[in-house]
>>> print(open('structure.cif').read())   # mmCIF, C-alpha atoms and all ligand atoms
data_my_file
loop_
_atom_site.label_atom_id
_atom_site.label_comp_id
_atom_site.auth_asym_id
_atom_site.auth_seq_id
_atom_site.Cartn_x
_atom_site.Cartn_y
_atom_site.Cartn_z
CA MET A 69 106.94 -149.05 66.49
CA ALA A 70 104.90 -145.94 67.16
CA VAL A 71 102.22 -145.20 64.61
CA ASP A 72 99.18 -143.01 64.64
CA GLY A 73 96.55 -145.46 65.83
CA THR A 74 93.70 -142.96 65.92
CA THR A 75 92.79 -143.09 62.28
CA ALA A 76 91.60 -145.89 60.04
CA ARG A 77 94.78 -145.61 58.01
CA GLY A 78 96.96 -145.67 61.13
CA ALA A 79 95.16 -148.79 62.33
CA ALA A 80 95.51 -150.39 58.89
CA LEU A 81 99.23 -149.67 59.02
CA ALA A 82 99.61 -151.21 62.49
CA LEU A 83 97.67 -154.31 61.35
CA LEU A 84 99.73 -154.61 58.18
CA ASP A 85 102.86 -154.36 60.27
CA ALA A 86 101.62 -157.11 62.64
CA VAL A 87 100.97 -159.46 59.70
CA LEU A 88 103.98 -158.67 57.50
CA GLU A 89 106.64 -158.00 60.09
CA ASP A 90 105.53 -160.14 63.08
CA GLY A 91 103.84 -162.97 61.16
CA ALA A 92 100.59 -162.51 63.13
CA GLN A 93 97.26 -163.73 61.80
CA LEU A 94 94.97 -160.80 61.10
CA SER A 95 92.10 -162.26 63.15
CA GLN A 96 94.39 -162.47 66.19
CA ALA A 97 95.72 -158.94 65.67
CA LEU A 98 92.13 -157.67 65.43
CA GLU A 99 91.00 -159.44 68.59
CA ALA A 100 94.13 -158.89 70.71
CA ASP A 101 94.00 -156.66 73.81
CA GLY A 102 94.93 -153.17 72.66
CA SER A 103 94.11 -154.01 69.05
CA PRO A 104 94.79 -151.08 66.67
CA ILE A 105 91.06 -150.88 65.84
CA ALA A 106 89.93 -150.85 69.51
CA GLY A 107 89.40 -147.08 69.78
CA LEU A 108 87.84 -146.55 66.36
CA SER A 109 84.24 -145.89 65.34
CA PRO A 110 82.47 -148.81 63.61
CA SER A 111 82.89 -147.17 60.20
CA ASP A 112 86.61 -146.49 60.76
CA ARG A 113 87.07 -150.07 61.95
CA ALA A 114 85.46 -151.36 58.79
CA ARG A 115 87.59 -148.99 56.70
CA ALA A 116 90.82 -150.07 58.42
CA GLN A 117 90.00 -153.73 57.89
CA ARG A 118 89.04 -153.19 54.26
CA LEU A 119 92.27 -151.29 53.62
CA VAL A 120 94.54 -153.88 55.20
CA LEU A 121 92.75 -156.76 53.44
CA THR A 122 92.95 -155.03 50.04
CA THR A 123 96.62 -154.24 50.61
CA LEU A 124 97.42 -157.86 51.54
CA ARG A 125 95.74 -158.96 48.28
CA HIS A 126 98.03 -156.63 46.27
CA ILE A 127 101.44 -156.61 47.99
CA GLU A 128 103.12 -158.14 44.94
CA GLN A 129 101.74 -155.49 42.58
CA ALA A 130 102.42 -152.64 45.03
CA ASP A 131 106.05 -153.73 45.37
CA LYS A 132 106.41 -153.90 41.57
CA VAL A 133 105.08 -150.37 41.19
CA LEU A 134 107.34 -149.07 43.97
CA LYS A 135 110.56 -150.78 42.86
CA PRO A 136 111.72 -148.22 40.26
CA TYR A 137 111.34 -145.39 42.80
CA LEU A 138 113.32 -146.95 45.65
CA ARG A 139 117.07 -147.15 45.33
CA LYS A 140 117.34 -149.13 48.58
CA SER A 141 114.74 -150.81 50.72
CA PRO A 142 113.28 -148.34 53.24
CA PRO A 143 112.52 -149.28 56.87
CA ALA A 144 109.54 -151.64 57.27
CA LEU A 145 107.19 -148.88 58.47
CA VAL A 146 107.91 -146.70 55.46
CA ARG A 147 107.65 -149.63 53.06
CA ASN A 148 104.25 -150.54 54.49
CA VAL A 149 103.02 -146.93 54.35
CA LEU A 150 104.01 -146.83 50.68
CA ARG A 151 102.22 -150.14 50.02
CA LEU A 152 99.06 -148.86 51.70
CA GLY A 153 99.23 -145.65 49.69
CA VAL A 154 99.81 -147.40 46.35
CA VAL A 155 96.90 -149.77 46.95
CA GLU A 156 94.56 -146.96 47.92
CA LEU A 157 95.49 -145.09 44.75
CA ALA A 158 95.42 -148.12 42.44
CA VAL A 159 92.52 -150.22 43.75
CA ASP A 160 90.28 -147.93 45.75
CA GLY A 161 90.76 -144.99 43.39
CA SER A 162 90.91 -142.65 46.41
CA ALA A 163 91.70 -138.98 45.77
CA ALA A 164 95.45 -138.62 45.33
CA HIS A 165 95.80 -135.49 47.43
CA GLY A 166 94.17 -137.06 50.49
CA VAL A 167 96.09 -140.32 50.21
CA VAL A 168 99.49 -138.67 49.82
CA ASN A 169 98.94 -136.30 52.75
CA ALA A 170 97.63 -139.06 55.01
CA MET A 171 100.56 -141.34 54.23
CA VAL A 172 103.08 -138.55 54.79
CA ASP A 173 101.42 -137.94 58.17
CA LEU A 174 101.77 -141.60 59.13
CA VAL A 175 105.51 -141.49 58.46
CA ARG A 176 105.84 -138.18 60.31
CA HIS A 177 104.41 -139.87 63.43
CA GLY A 178 106.87 -142.78 63.34
CA ASN A 179 109.75 -142.45 65.84
CA ARG A 180 112.53 -143.10 63.41
CA THR A 181 110.89 -142.17 60.14
CA GLN A 182 110.18 -138.43 60.36
CA HIS A 183 113.05 -137.73 57.97
CA MET A 184 111.42 -139.88 55.26
CA THR A 185 108.33 -137.73 54.69
CA GLY A 186 109.93 -136.27 51.54
CA LEU A 187 110.50 -139.72 50.05
CA VAL A 188 106.92 -140.85 50.74
CA ASN A 189 105.52 -137.63 49.33
CA ALA A 190 107.63 -137.83 46.15
CA VAL A 191 107.03 -141.52 45.46
CA LEU A 192 103.28 -141.43 46.03
CA ARG A 193 102.90 -138.31 43.89
CA LYS A 194 104.62 -140.13 41.02
CA VAL A 195 102.37 -143.17 41.49
CA SER A 196 99.29 -140.96 41.60
CA ASP A 197 100.26 -139.64 38.13
CA MET A 198 100.15 -143.18 36.67
CA PRO A 199 96.78 -143.76 34.94
CA GLU A 200 96.33 -147.36 36.18
CA PRO A 201 99.26 -148.41 38.33
CA PHE A 202 98.34 -152.15 38.35
CA ALA A 203 97.31 -152.37 34.68
CA LYS A 204 98.37 -155.58 32.91
CA MET A 205 99.84 -157.08 36.08
CA PRO A 206 98.77 -160.67 36.84
CA PRO A 207 97.03 -161.26 40.18
CA GLN A 208 99.17 -161.90 43.25
CA LYS A 209 100.56 -165.43 43.31
CA MET A 210 100.00 -167.91 46.11
CA PRO A 211 103.19 -168.86 48.00
CA GLN A 212 105.32 -171.53 46.32
CA TRP A 213 104.68 -174.20 48.98
CA LEU A 214 100.99 -174.02 48.08
CA ARG A 215 101.13 -173.02 44.41
CA GLN A 216 103.43 -175.79 43.27
CA PRO A 217 101.27 -178.78 44.31
CA LEU A 218 98.18 -177.02 42.92
CA VAL A 219 99.86 -176.38 39.54
CA HIS A 220 100.92 -180.02 39.51
CA ARG A 221 97.34 -181.18 40.16
CA TRP A 222 95.20 -178.67 38.25
CA GLY A 223 97.59 -176.87 35.88
CA ARG A 224 98.62 -173.21 35.57
CA ASP A 225 95.35 -171.94 34.09
CA VAL A 226 93.27 -173.18 37.01
CA VAL A 227 95.77 -171.81 39.53
CA SER A 228 95.73 -168.41 37.77
CA ALA A 229 91.90 -168.48 37.82
CA ILE A 230 92.00 -169.19 41.58
CA GLU A 231 94.46 -166.32 42.07
CA ALA A 232 92.22 -163.97 40.07
CA VAL A 233 89.36 -164.71 42.48
CA GLN A 234 91.63 -164.35 45.51
CA ALA A 235 92.57 -160.84 44.34
CA GLN A 236 88.99 -159.63 44.66
CA THR A 237 87.03 -158.61 47.72
CA PRO A 238 84.75 -161.61 48.28
CA PRO A 239 80.98 -161.23 48.55
CA LEU A 240 79.13 -161.78 51.82
CA ASP A 241 77.35 -165.14 51.96
CA LEU A 242 74.53 -165.89 54.39
CA THR A 243 72.88 -169.16 55.36
CA PRO A 244 69.16 -168.70 56.03
CA LYS A 245 67.68 -170.47 59.07
CA SER A 246 64.62 -171.51 57.07
CA THR A 247 62.89 -169.55 54.27
CA PRO A 248 65.35 -167.04 52.77
CA PRO A 249 64.54 -163.54 54.11
CA GLU A 250 64.08 -160.55 51.78
CA ILE A 251 67.35 -158.60 51.72
CA GLU A 252 67.81 -155.87 49.14
CA GLY A 253 70.37 -156.86 46.53
CA ALA A 254 70.83 -160.41 47.87
CA ALA A 255 70.94 -163.15 45.24
CA VAL A 256 69.86 -166.70 46.05
CA LEU A 257 72.64 -169.08 44.95
CA PRO A 258 71.85 -172.47 43.35
CA THR A 259 72.77 -174.23 46.61
CA GLY A 260 70.44 -172.05 48.72
CA SER A 261 72.90 -169.57 50.27
CA LEU A 262 72.26 -165.84 49.92
CA ARG A 263 74.97 -163.67 48.36
CA ILE A 264 75.42 -159.93 48.80
CA SER A 265 78.09 -158.36 46.62
CA ARG A 266 77.91 -154.75 47.83
CA SER A 267 79.74 -153.55 50.94
CA VAL A 268 77.37 -153.74 53.94
CA GLN A 269 77.44 -153.63 57.73
CA VAL A 270 76.27 -157.12 58.71
CA SER A 271 74.51 -156.06 61.91
CA ASN A 272 72.40 -153.54 59.93
CA LEU A 273 70.94 -156.13 57.56
CA PRO A 274 67.31 -157.17 58.08
CA GLY A 275 67.02 -160.40 60.05
CA PHE A 276 70.28 -159.96 62.02
CA GLU A 277 68.64 -159.17 65.37
CA THR A 278 66.04 -161.89 64.86
CA GLY A 279 68.67 -164.45 63.88
CA ASP A 280 67.10 -165.32 60.52
CA TRP A 281 70.51 -166.11 59.03
CA TRP A 282 74.21 -166.29 59.79
CA VAL A 283 77.35 -165.42 57.85
CA GLN A 284 78.80 -168.51 56.19
CA ASP A 285 80.60 -169.02 52.91
CA ALA A 286 78.45 -170.84 50.31
CA ALA A 287 80.98 -173.69 50.05
CA ALA A 288 81.22 -174.09 53.84
CA ALA A 289 77.42 -174.41 53.97
CA LEU A 290 77.53 -177.59 51.87
CA ALA A 291 79.14 -179.82 54.54
CA ALA A 292 76.08 -179.81 56.82
CA ARG A 293 73.83 -180.23 53.76
CA LEU A 294 75.86 -183.31 52.82
CA LEU A 295 75.38 -184.69 56.34
CA ASP A 296 71.61 -184.27 55.82
CA ALA A 297 70.65 -184.35 59.51
CA GLN A 298 67.02 -185.26 60.17
CA ASP A 299 64.57 -183.97 62.78
CA GLY A 300 65.11 -185.86 66.04
CA GLU A 301 68.44 -187.48 65.09
CA GLU A 302 71.36 -187.43 67.53
CA VAL A 303 74.16 -185.57 65.77
CA LEU A 304 77.69 -184.78 66.91
CA ASP A 305 79.47 -181.73 65.49
CA LEU A 306 83.08 -182.48 66.25
CA CYS A 307 85.40 -179.45 65.92
CA ALA A 308 82.32 -177.23 65.97
CA ALA A 309 83.40 -173.69 66.86
CA PRO A 310 82.50 -170.97 65.99
CA GLY A 311 79.53 -172.97 64.84
CA GLY A 312 78.17 -172.14 61.38
CA LYS A 313 77.61 -175.84 60.78
CA THR A 314 76.19 -176.43 64.28
CA LEU A 315 73.52 -173.81 63.52
CA GLN A 316 72.65 -175.51 60.24
CA ILE A 317 72.30 -178.91 61.92
CA ALA A 318 70.29 -177.47 64.82
CA ALA A 319 67.95 -175.77 62.34
CA THR A 320 66.94 -179.20 60.97
CA GLY A 321 65.48 -180.18 64.35
CA ALA A 322 68.28 -182.67 65.04
CA LYS A 323 69.64 -182.88 68.61
CA VAL A 324 73.15 -181.50 68.28
CA THR A 325 76.15 -181.93 70.51
CA ALA A 326 78.80 -179.37 69.56
CA LEU A 327 82.31 -180.20 70.74
CA ASP A 328 85.47 -178.15 70.40
CA ILE A 329 88.80 -177.86 72.19
CA SER A 330 88.76 -174.04 72.21
CA SER A 331 86.64 -172.22 74.79
CA PRO A 332 87.13 -168.72 73.23
CA ARG A 333 85.86 -170.08 69.91
CA LEU A 334 82.97 -171.82 71.67
CA ALA A 335 82.02 -168.51 73.30
CA ARG A 336 81.22 -167.32 69.78
CA LEU A 337 79.09 -170.42 69.27
CA HIS A 338 77.12 -169.51 72.43
CA GLU A 339 76.52 -166.02 70.99
CA ASN A 340 75.44 -167.45 67.63
CA LEU A 341 72.99 -169.85 69.28
CA ALA A 342 71.53 -167.06 71.42
CA ARG A 343 71.05 -164.77 68.40
CA THR A 344 69.40 -167.44 66.25
CA GLY A 345 67.32 -169.01 69.03
CA LEU A 346 68.73 -172.45 68.20
CA SER A 347 70.06 -174.93 70.73
CA ALA A 348 72.92 -177.36 71.05
CA LYS A 349 74.67 -179.16 73.88
CA ILE A 350 78.17 -177.74 74.10
CA ILE A 351 81.23 -179.67 75.27
CA THR A 352 84.67 -178.12 75.61
CA THR A 353 87.25 -180.87 75.32
CA ASP A 354 89.82 -182.58 73.15
CA ALA A 355 87.99 -184.94 70.80
CA LEU A 356 90.94 -187.32 70.87
CA HIS A 357 90.49 -187.92 74.61
CA TRP A 358 86.71 -187.91 74.95
CA THR A 359 84.22 -190.75 75.11
CA PRO A 360 80.50 -190.12 74.57
CA ASP A 361 77.77 -191.56 76.82
CA ALA A 362 75.88 -192.85 73.78
CA LEU A 363 76.55 -193.28 70.05
CA TYR A 364 75.33 -190.88 67.34
CA ASP A 365 73.32 -191.23 64.13
CA ALA A 366 75.67 -188.85 62.34
CA VAL A 367 78.94 -187.00 62.96
CA LEU A 368 80.28 -183.93 61.19
CA LEU A 369 84.04 -183.59 61.39
CA ASP A 370 85.19 -180.17 60.14
CA ALA A 371 88.81 -180.86 60.97
CA PRO A 372 91.54 -178.32 61.71
CA CYS A 373 93.56 -177.78 58.52
CA SER A 374 95.83 -175.41 56.61
CA ALA A 375 92.78 -173.25 55.70
CA THR A 376 94.35 -172.74 52.27
CA GLY A 377 90.87 -172.73 50.71
CA THR A 378 90.03 -169.50 52.51
CA LEU A 379 92.74 -167.19 51.13
CA ARG A 380 90.18 -164.96 49.41
CA ARG A 381 88.69 -164.14 52.83
CA HIS A 382 92.01 -164.40 54.72
CA PRO A 383 94.75 -162.94 52.51
CA ASP A 384 97.02 -162.72 55.57
CA LEU A 385 97.48 -166.51 55.67
CA PRO A 386 100.33 -166.71 53.13
CA PHE A 387 102.27 -164.19 55.22
CA ALA A 388 101.61 -165.91 58.55
CA LYS A 389 102.17 -169.51 57.43
CA ASP A 390 104.83 -171.42 55.55
CA GLY A 391 103.13 -174.80 55.23
CA SER A 392 105.45 -176.45 57.77
CA ASP A 393 102.53 -177.45 60.02
CA ILE A 394 100.76 -179.46 57.31
CA PRO A 395 102.23 -182.93 58.10
CA GLU A 396 101.14 -182.49 61.74
CA LEU A 397 97.65 -181.39 60.63
CA VAL A 398 97.32 -184.37 58.28
CA GLU A 399 98.17 -186.70 61.16
CA LEU A 400 95.65 -184.97 63.45
CA GLN A 401 92.91 -185.16 60.77
CA ALA A 402 93.47 -188.92 60.35
CA ALA A 403 93.35 -189.45 64.13
CA LEU A 404 90.14 -187.41 64.35
CA ILE A 405 88.53 -189.44 61.52
CA ASP A 406 89.34 -192.70 63.33
CA ARG A 407 88.02 -191.29 66.60
CA ALA A 408 84.84 -189.94 64.94
CA LEU A 409 84.03 -193.32 63.38
CA GLY A 410 84.04 -194.81 66.88
CA PHE A 411 81.27 -192.36 67.95
CA LEU A 412 78.78 -193.67 65.33
CA LYS A 413 75.94 -196.15 65.67
CA PRO A 414 76.05 -199.05 63.17
CA GLY A 415 74.92 -197.69 59.80
CA GLY A 416 75.79 -194.15 60.91
CA ARG A 417 77.29 -191.50 58.67
CA LEU A 418 80.34 -189.30 58.95
CA VAL A 419 80.99 -186.18 56.91
CA PHE A 420 84.66 -185.30 56.89
CA CYS A 421 85.60 -181.88 55.56
CA THR A 422 88.48 -179.43 55.45
CA CYS A 423 88.75 -175.91 54.00
CA SER A 424 92.01 -176.88 52.32
CA LEU A 425 93.04 -176.89 48.65
CA LEU A 426 95.64 -179.58 49.28
CA ALA A 427 94.90 -183.21 48.34
CA GLU A 428 96.72 -184.52 51.41
CA GLU A 429 94.09 -182.83 53.61
CA GLY A 430 91.21 -183.93 51.36
CA GLU A 431 91.16 -186.52 48.57
CA ASP A 432 94.20 -188.42 49.96
CA GLN A 433 92.79 -188.31 53.48
CA LEU A 434 89.63 -190.03 52.18
CA THR A 435 91.65 -192.72 50.37
CA ALA A 436 93.72 -193.36 53.50
CA ALA A 437 90.60 -193.60 55.70
CA LEU A 438 89.08 -196.17 53.33
CA SER A 439 92.22 -198.28 53.44
CA ARG A 440 92.29 -198.16 57.26
CA HIS A 441 88.54 -198.96 57.42
CA PRO A 442 87.72 -201.13 54.37
CA ASN A 443 84.09 -201.69 55.35
CA LEU A 444 83.18 -198.01 55.06
CA THR A 445 81.29 -196.84 51.99
CA VAL A 446 81.46 -193.43 50.36
CA GLU A 447 78.09 -191.89 49.47
CA ALA A 448 78.50 -189.55 46.50
CA PRO A 449 76.86 -186.13 46.95
CA THR A 450 73.46 -185.48 45.40
CA LEU A 451 73.00 -181.89 46.55
CA ALA A 452 70.90 -179.29 44.76
CA GLY A 453 72.99 -176.71 42.91
CA ILE A 454 76.30 -178.55 42.72
CA ALA A 455 77.93 -179.19 39.34
CA PRO A 456 78.73 -182.83 38.41
CA GLU A 457 82.39 -181.96 37.81
CA TRP A 458 82.79 -180.98 41.45
CA ILE A 459 82.37 -184.66 42.44
CA THR A 460 85.72 -186.46 42.63
CA GLU A 461 86.57 -189.94 41.36
CA GLY A 462 86.55 -191.16 44.94
CA GLY A 463 83.02 -189.83 45.57
CA GLY A 464 84.00 -186.69 47.50
CA LEU A 465 83.09 -183.09 46.73
CA ARG A 466 85.96 -180.80 45.69
CA LEU A 467 85.09 -177.11 45.84
CA ARG A 468 87.48 -174.55 44.40
CA PRO A 469 87.66 -170.74 44.71
CA ASP A 470 87.35 -170.35 40.91
CA TYR A 471 83.94 -172.05 40.84
CA TRP A 472 81.23 -169.38 40.38
CA ALA A 473 84.10 -166.94 39.68
CA GLU A 474 81.78 -164.58 37.80
CA THR A 475 79.77 -163.97 40.97
CA GLY A 476 82.69 -163.91 43.42
CA GLY A 477 83.84 -167.53 43.73
CA MET A 478 83.63 -169.72 46.82
CA ASP A 479 85.98 -170.99 49.50
CA GLY A 480 88.00 -174.10 48.69
CA PHE A 481 86.77 -177.20 50.51
CA PHE A 482 86.92 -180.95 50.34
CA MET A 483 84.10 -183.00 51.85
CA ALA A 484 82.98 -186.61 51.75
CA ARG A 485 80.19 -188.65 53.33
CA LEU A 486 81.11 -192.07 54.71
CA ARG A 487 78.76 -194.74 56.05
CA THR A 488 79.60 -197.46 58.55
CA PRO A 489 78.21 -200.98 58.06
CA ALA A 490 74.69 -201.51 59.41
CA THR A 491 75.71 -204.43 61.64
C1 LIG A 501 87.78 -175.66 60.83
S1 LIG A 501 87.54 -175.19 62.45
C2 LIG A 501 85.84 -175.57 62.73
C3 LIG A 501 84.85 -174.60 62.12
C4 LIG A 501 83.41 -174.92 62.53
N1 LIG A 501 83.04 -176.28 62.22
C5 LIG A 501 82.40 -173.98 61.89
O1 LIG A 501 81.72 -174.34 60.94
O2 LIG A 501 82.29 -172.86 62.38
C6 LIG A 501 88.34 -176.46 63.33
C7 LIG A 501 88.09 -176.48 64.81
O3 LIG A 501 88.73 -177.63 65.35
C8 LIG A 501 89.01 -177.35 66.70
N2 LIG A 501 89.94 -178.41 67.18
C9 LIG A 501 91.25 -178.56 66.87
N3 LIG A 501 91.74 -179.66 67.46
C10 LIG A 501 90.73 -180.22 68.17
C11 LIG A 501 90.62 -181.36 69.01
N4 LIG A 501 91.67 -182.15 69.24
N5 LIG A 501 89.43 -181.61 69.60
C12 LIG A 501 88.37 -180.80 69.38
N6 LIG A 501 88.42 -179.70 68.61
C13 LIG A 501 89.58 -179.42 68.00
C14 LIG A 501 89.53 -175.94 66.67
O4 LIG A 501 89.43 -175.32 67.94
C15 LIG A 501 88.63 -175.31 65.61
O5 LIG A 501 87.56 -174.61 66.22
#
>>> encode(input="structure.cif", output="C-alpha cells", more="lines below")
Ligand SMILES: C[S@@+](CC[C@H](N)C(=O)[O-])C[C@H]1O[C@@H](n2cnc3c(N)ncnc32)[C@H](O)[C@@H]1O
Amino acid sequence: MAVDGTTARGAALALLDAVLEDGAQLSQALEADGSPIAGLSPSDRARAQRLVLTTLRHIEQADKVLKPYLRKSPPALVRNVLRLGVVELAVDGSAAHGVVNAMVDLVRHGNRTQHMTGLVNAVLRKVSDMPEPFAKMPPQKMPQWLRQPLVHRWGRDVVSAIEAVQAQTPPLDLTPKSTPPEIEGAAVLPTGSLRISRSVQVSNLPGFETGDWWVQDAAAALAARLLDAQDGEEVLDLCAAPGGKTLQIAATGAKVTALDISSPRLARLHENLARTGLSAKIITTDALHWTPDALYDAVLLDAPCSATGTLRRHPDLPFAKDGSDIPELVELQAALIDRALGFLKPGGRLVFCTCSLLAEEGEDQLTAALSRHPNLTVEAPTLAGIAPEWITEGGGLRLRPDYWAETGGMDGFFMARLRTPAT
C-alpha cells in the first residue's frame, strides 16, 4: 500500500493499517526499520501516535457513525482514512475543513484509491455536520474472548467501567527515584507515584536528564513496593526488561541482578540505568535454563502474560491478539514461579505479578502455586495508599483499570508476595 508517509496523518494511517490489516503490535510497527514515523519531526511523531491511539480506542464508534453512509465496504485504506477522519472530528474536535482536505489527500495518494476522493469528501462532510458524532454511544467493548470471563467474574457494570477508562487517553505516571521532584501540574498519588494528566513531551520535563524519575504506571510501581527490597539485600529481578521495577529495586540500595531473555529489551534497561545513575548486574538468558551462583533474599517475577491489563495504554492489543496464546503463557508463568522459588534462600520472598485481568494468569496462578508448594505462605499487602478491597481472598493484590477512574485509572495487575519456610 502506498500512502503519504510524510505527514503525521499519513504516518497514523500507515500505523493503523499495520495494526488493523496486518495484525502488528503498534510498538513493533513504531520501532521497525522504515517505521512510518521515522522521517517525522518529534511533534509530528507525537501527533501521529496520538491520532492512531485515539482511533484504535474508537474504532467501534467510528464504524457505527460511518455505516449509514457506506453502501458497501470500501477498500481497507479508504475505510481506515474514514475512521481516522471521523475520530479527529468527533474526539479531537479538529477543524472540519482541515480534516476533510487532509483525508481526501491521503486517499488521492493511494495507488488504487484515487477514484474514491469524492466518497471520502462527501462522507466526512456529512459527519462534520453532526453536532457530536459519538454522543450517547457506549465506550468500545473489549473483545469477546476477554470480555466474557471478566463479565462472569465482575459483572457488566464493572466491565463497562473498565471500558470507559480504556476509552480515555491515560495520564502519564512517573516513579520518583527518591523525594518526588517539583513538576508543574503533577499530582502525588496515594501510593507515591506522580501523575500528569496534560499532554507533555517526557524528555522536556524537569528531572529527565538527571534521572530523577522514570515513566511507570502507578499500578506497575506497586510490585517492587510489595517486594520491599532492603539496602544491601541480594535481589533477583527475573523477567526484568525494560526495567521499571529493576530501577525501583536498585533505588533502595539492594544489589540487583536483572535477568531477561530479550537483549533488545535489555538494551533499554541499560539506557534507563545510565540515565538514572542506578546500577544492576544484567544477565541475558532464559530463566528456565539458568542456575545462579548463589541464592537470593528476594525475587521479583514479572512474568510474560497476555498484557490485558494494559489496554488503556495499548489499545492495539485487541486487534493484534485473539487470546489463543494464553494457555501457553499460563504454563510458562507456572514454570517460572517454580524456577524462581528455587533461586531463594530459606525464608526468602517471591513477588509474582502479571499485568493481566484474567484470573488464570493471577488469582488462579497463586492458588496453583500454593498447591504445588504447600509450605509457602502468602503475605497480604500492607502498602500505603492501597484500598482494602483491592486485596483478594487469597492474600494477593488485584488492581483494575477502573480503580481511581476519576483521575485516569490504572493498569490492571495481579501481584502476590510468597515466603519460603525459614529452614
Ligand atoms: C512483563 S515483561 C517485564 C517487564 C519488566 N519487569 C518491567 O518492569 O519493565 C516480561 C518479560 O519477560 C521476558 N521473558 C519472557 N520469557 C522469559 C524467559 N523464559 N526467561 C527470561 N525472561 C523472559 C520478556 O522478554 C519480557 O521482557
>>> residues_near_ligand(input="structure.cif", ligand="ligand LIG 501 (chain A)", cutoff="7 Å", atoms="all atoms listed in the file", output="PyMOL selection string")
chain A and resi 306-314+327-330+333+353-356+370-373+422-423
>>> closest_residue(input="structure.cif", among="A:Met483, A:Val270, A:Ala473, A:Ile317", to="A:Leu346", atoms="only C-alpha atoms")
A:Ile317
>>> closest_residue(input="structure.cif", among="A:Asn340, A:Gln433, A:Thr185, A:Thr450", to="A:Phe276", atoms="all atoms listed in the file")
A:Asn340
>>> closest_residue(input="structure.cif", among="A:Ile350, A:Val226, A:Leu88, A:Ala319", to="A:Leu334", atoms="only C-alpha atoms")
A:Ile350
>>> atom_distance(input="structure.cif", atom1="atom CA of A:Gly253", atom2="atom CA of A:Arg381")
20.7 Å
>>> residues_around(input="structure.cif", residues="A:Leu451", least_positions_apart="6", cutoff="9 Å", atoms="all atoms listed in the file", output="JSON, numbers by chain")
{"A": [259, 290, 293, 294]}
>>> closest_residue(input="structure.cif", among="A:Ala297, A:Val256, A:Ala232, A:Met210", to="A:Lys323", atoms="all atoms listed in the file")
A:Ala297
>>> atom_distance(input="structure.cif", atom1="atom CA of A:Val283", atom2="atom CA of A:Leu124")
22.4 Å
>>> residues_around(input="structure.cif", residues="A:Pro142", least_positions_apart="5", cutoff="10 Å", atoms="all atoms listed in the file", output="list in words")
Arg147, Asn148, Leu150, Thr181, Met184 and Leu187 of chain A
>>> write_last_selection(input="structure.cif", atoms="C-alpha atoms", output="PDB file, in the coordinates of the input")
ATOM      1  CA  ARG A 147     107.650-149.630  53.060  1.00  0.00           C
ATOM      2  CA  ASN A 148     104.250-150.540  54.490  1.00  0.00           C
ATOM      3  CA  LEU A 150     104.010-146.830  50.680  1.00  0.00           C
ATOM      4  CA  THR A 181     110.890-142.170  60.140  1.00  0.00           C
ATOM      5  CA  MET A 184     111.420-139.880  55.260  1.00  0.00           C
ATOM      6  CA  LEU A 187     110.500-139.720  50.050  1.00  0.00           C
TER       7      LEU A 187
END
>>> build_atoms(input="structure.cif", residues="stretch 237-249 of chain A", atoms="N, CA and C atoms", output="mmCIF file, in the frame of the given file")
data_model
loop_
_atom_site.group_PDB
_atom_site.id
_atom_site.type_symbol
_atom_site.label_atom_id
_atom_site.label_comp_id
_atom_site.auth_asym_id
_atom_site.auth_seq_id
_atom_site.Cartn_x
_atom_site.Cartn_y
_atom_site.Cartn_z
ATOM 1 N N THR A 237 87.733 -158.597 46.434
ATOM 2 C CA THR A 237 87.030 -158.610 47.720
ATOM 3 C C THR A 237 85.866 -159.594 47.596
ATOM 4 N N PRO A 238 85.808 -160.618 48.467
ATOM 5 C CA PRO A 238 84.750 -161.610 48.280
ATOM 6 C C PRO A 238 83.388 -161.080 48.699
ATOM 7 N N PRO A 239 82.315 -161.651 48.123
ATOM 8 C CA PRO A 239 80.980 -161.230 48.550
ATOM 9 C C PRO A 239 80.681 -161.768 49.948
ATOM 10 N N LEU A 240 79.577 -161.286 50.512
ATOM 11 C CA LEU A 240 79.130 -161.780 51.820
ATOM 12 C C LEU A 240 78.094 -162.872 51.565
ATOM 13 N N ASP A 241 78.317 -164.047 52.119
ATOM 14 C CA ASP A 241 77.350 -165.140 51.960
ATOM 15 C C ASP A 241 76.632 -165.371 53.291
ATOM 16 N N LEU A 242 75.339 -165.627 53.197
ATOM 17 C CA LEU A 242 74.530 -165.890 54.390
ATOM 18 C C LEU A 242 73.826 -167.229 54.239
ATOM 19 N N THR A 243 73.691 -167.937 55.351
ATOM 20 C CA THR A 243 72.880 -169.160 55.360
ATOM 21 C C THR A 243 71.571 -168.844 56.057
ATOM 22 N N PRO A 244 70.429 -168.987 55.360
ATOM 23 C CA PRO A 244 69.160 -168.700 56.030
ATOM 24 C C PRO A 244 68.772 -169.825 56.990
ATOM 25 N N LYS A 245 68.116 -169.453 58.095
ATOM 26 C CA LYS A 245 67.680 -170.470 59.070
ATOM 27 C C LYS A 245 66.586 -171.339 58.465
ATOM 28 N N SER A 246 65.649 -170.717 57.760
ATOM 29 C CA SER A 246 64.620 -171.510 57.070
ATOM 30 C C SER A 246 64.341 -170.856 55.713
ATOM 31 N N THR A 247 63.171 -170.217 55.540
ATOM 32 C CA THR A 247 62.890 -169.550 54.270
ATOM 33 C C THR A 247 63.818 -168.355 54.112
ATOM 34 N N PRO A 248 64.445 -168.183 52.934
ATOM 35 C CA PRO A 248 65.350 -167.040 52.770
ATOM 36 C C PRO A 248 64.639 -165.702 53.005
ATOM 37 N N PRO A 249 65.174 -164.836 53.870
ATOM 38 C CA PRO A 249 64.540 -163.540 54.110
ATOM 39 C C PRO A 249 64.759 -162.597 52.925
#
